[in-house]
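Read through the structure below, which is laid out as structure tokens, and then see the notes.
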Amino acid sequence: MMSNSEIAIRVEDLSKKYTIGSQQEDRLRYALSNLWKDQKTEEIWALRDVSFEIKKGEVVGIIGRNGAGKSTLLKILSKITKPTSGRAILYGRVASLLEVGTGFHHELTGRENIYLNGNLLGLSRQEIKLRFDEIIDFSGVEKFIDTPVKHYSSGMYVRLAFSVAAHLNPEILLVDEVLAVGDYEFQQKCLGKMDDVAKSGRTVLLVSHNLAALKTLCQSYLYFDHGRMMEKSIDFDFQYNVAQSNSRALLQSVNNRLFLDTNNDLRLELQRNQSRLELISFIIIYIRNSRNEVMYKFNTKKSINAKLLEFSSEKKLEFNLKSVSLYSGTYSLSYEAYNEKSKIIESNRLATLEVLKKDKWEPQLKEGVRSEYTFIMRQK
Amino acid sequence: MSKSKLQVTVIEADSPFKLLDIRELISYRDLIITMSWRDLRVKYAQTFIGFLWALINPLFSLLILHFIFGRVIQVDTGGVPHLVFTMIGLSIWTYFSTLVSESGNSILSNQNMIKKIYFPKIILPLSKALTGLVDYIIALILLIVVMIYVDYTPSSHIVYVPFFLFMTIFTGITAGIWISAMTVRYRDFKFVVPFILQLGLYASPIAYSSEMVPESYQFLYHCNPLVGIIEGLRWSLTGIGSLNNSVWYTIISIGIFFIVGLWLFRRVEHKMADIL
């Protein structure tokens, strides 16, 4: 355990239970009928026994599928909802940005909305005044600052909203999936701002499906699955690199490599184990969904360059699977290797793919960063 | 910026129960003001005659009540011109009814905020009370205009007026807290609100005198906290009636209502983000 002075956030056995069907509670009928009978309800643990510590000045990304508990964690840390058990201690002034533009009112002008939103986020009028010019500067909407925001384009709206939040200057910043808005240029600006925040020694906890953004900002990650925090190490050993010019996802396991480039093409490198020496005639690659239905099939026999006979331990075989498009979910990637008589000589499950697709309502990112699919590779 | 003191936030399932976190409320005081500014702006932003509506509403009510109670029924006002008599009650009723009808919505219409940002939710009914003050002030100005119009000289008890104005605001805030807490807990409550308003309009001595209520109903009648306040304001402006024990009774009952209201509100406050 670290000493208190180094710690920004300490979470101990935090759990949150939601009772499905509890909306019933808001009806008088429910309250009345509840007097003499128990209503059936279903319990869901959105968060279960989560513990971690985050050091001051650390930028930590939270990843996991939809419903894994990421947003619930941020809601608890920002005091919006109470935990069912456990506790969290935050050392320093906290600001949370769970949604860009919460509290903005379309009838009010940009200027009025800056004050309203700023107050809502915990700034006093005086503090906003001090940062006012900076906020407008950053947003780039100074021409329209006295126009009601209902006349703004959606881009302007988002820029102004993010600007207010970006100038909160908290010691701890909690951010939920807000990078998915705005155009590419503004996104880069936001990332830059977050980077500044991080570099000035503040602590940032960041939820995003945009692993590219996380990669550039975060020093470490917390991986959530079904309300629990998973071990960071073995299960979850991914590298993601978009900063490079060819912009691709890179995942690595022992011998086999997997790439996802910007066009959703999946590149796969296979390397044979030395012990297997029988000649291979062709290979079929499968992607199956959780019900074991084949979602994608690639047969090397049908492609032109099928010189697989020389596939030996020294040689890598590269596949380029075009336009792999998958919905979010868990998939398995496997291959079958056939000999000349079309008999299976090798069959192997290569990896589990976890596709984190962005929710449909989120605006599509423009070229440059494209991360609709994130492949997380687990060991076989 | 001062970084001298590190703010420590502890988040637990059962944090100690506090009826009202005054220190936190003070740190959010600017929010109360901007929220009511927003409500005011939005309320009158797209209407043609804007703020004039805040004048037309009580004026119209005054004329109707004056016609029915003053001209048709001709209630006994103890020598006070009926227009003045009614406007005193109406000014209080205007403020109270505005808060009752709008507080329920104050939480529901801001649920998106509640789900995404932490702030003390009590600010929502409080900012409504502040917004309603504009209507209240306009109604009071109308009262002064009416008094000048009928050339009425107020009594020497006028020094007590501020106290009753304060009590009106306090009662309005209490009602607002109750109704917003109940509306969050039970959505059906918003259908109860029109009944409260209808009942309140007739069960308060707005256009008639509380002395007209039969003796056997007096206790029940005085359970309405507005009765004591309207009587009190009327006494301090016109000198009619007397400031008897009912005023103390009113003050104590509103005090109790206020504390119970805070308690009810606190109980639903931390659940709001989950149940909305």
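Quick note on naming: the chains in the structure tokens go A, B, ... in the order shown, residues restart at 1 in each chain, and ligands are numbered from 1 in order of appearance.
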For chain A, list the residues within 7 Å of chain B, counting only C-alpha atoms, and write the list as a PyMOL selection string. chain A and resi 23+26-28+78-93+98-99+102-103+107+116+119-120+122+124-125
For Leu19 in chain B, find every residue with an atom within 7 Å (counting only C-alpha atoms), except residues of its own chain fewer than 3 positions away, and show them as JSON, numbers by chain. {"B": [262, 263, 266]}
Emit the selected residues as a CSV table (one decimal), in the first residue's frame, including C-alpha atoms.
```
chain,number,residue,atom,x,y,z
B,262,LEU,CA,-35.7,18.2,3.9
B,263,TRP,CA,-35.7,14.7,5.3
B,266,ARG,CA,-32.6,13.8,1.4
```
What separation in Å, quoted to one decimal, exists between CA of Ile145 in chain A and CA of Leu123 in chain A?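 Here the two named atoms are 19.4 Å from each other.
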Taking 6 positions as the minimum chain separation for residues in the same chain, which residues sit within 10 Å of Val100 in chain B when counting only C-alpha atoms? Answer as number ranges by chain. B: 125, 128-129, 172-180, 193-194, 196-197
Residues within 12 Å of Trp235 in chain B, please, as JSON, numbers by chain. Count only C-alpha atoms; anything in the same chain fewer than 2 positions from it doesn't count. {"B": [77, 78, 80, 85, 88, 89, 154, 155, 156, 157, 158, 159, 160, 161, 164, 209, 227, 228, 229, 230, 231, 232, 233, 237, 238, 239, 240, 241, 242, 243, 244, 247]}
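Taking CA of Gly192 in chain A as the reference point, CA of Gly101 in chain A is found at 19.4 Å.
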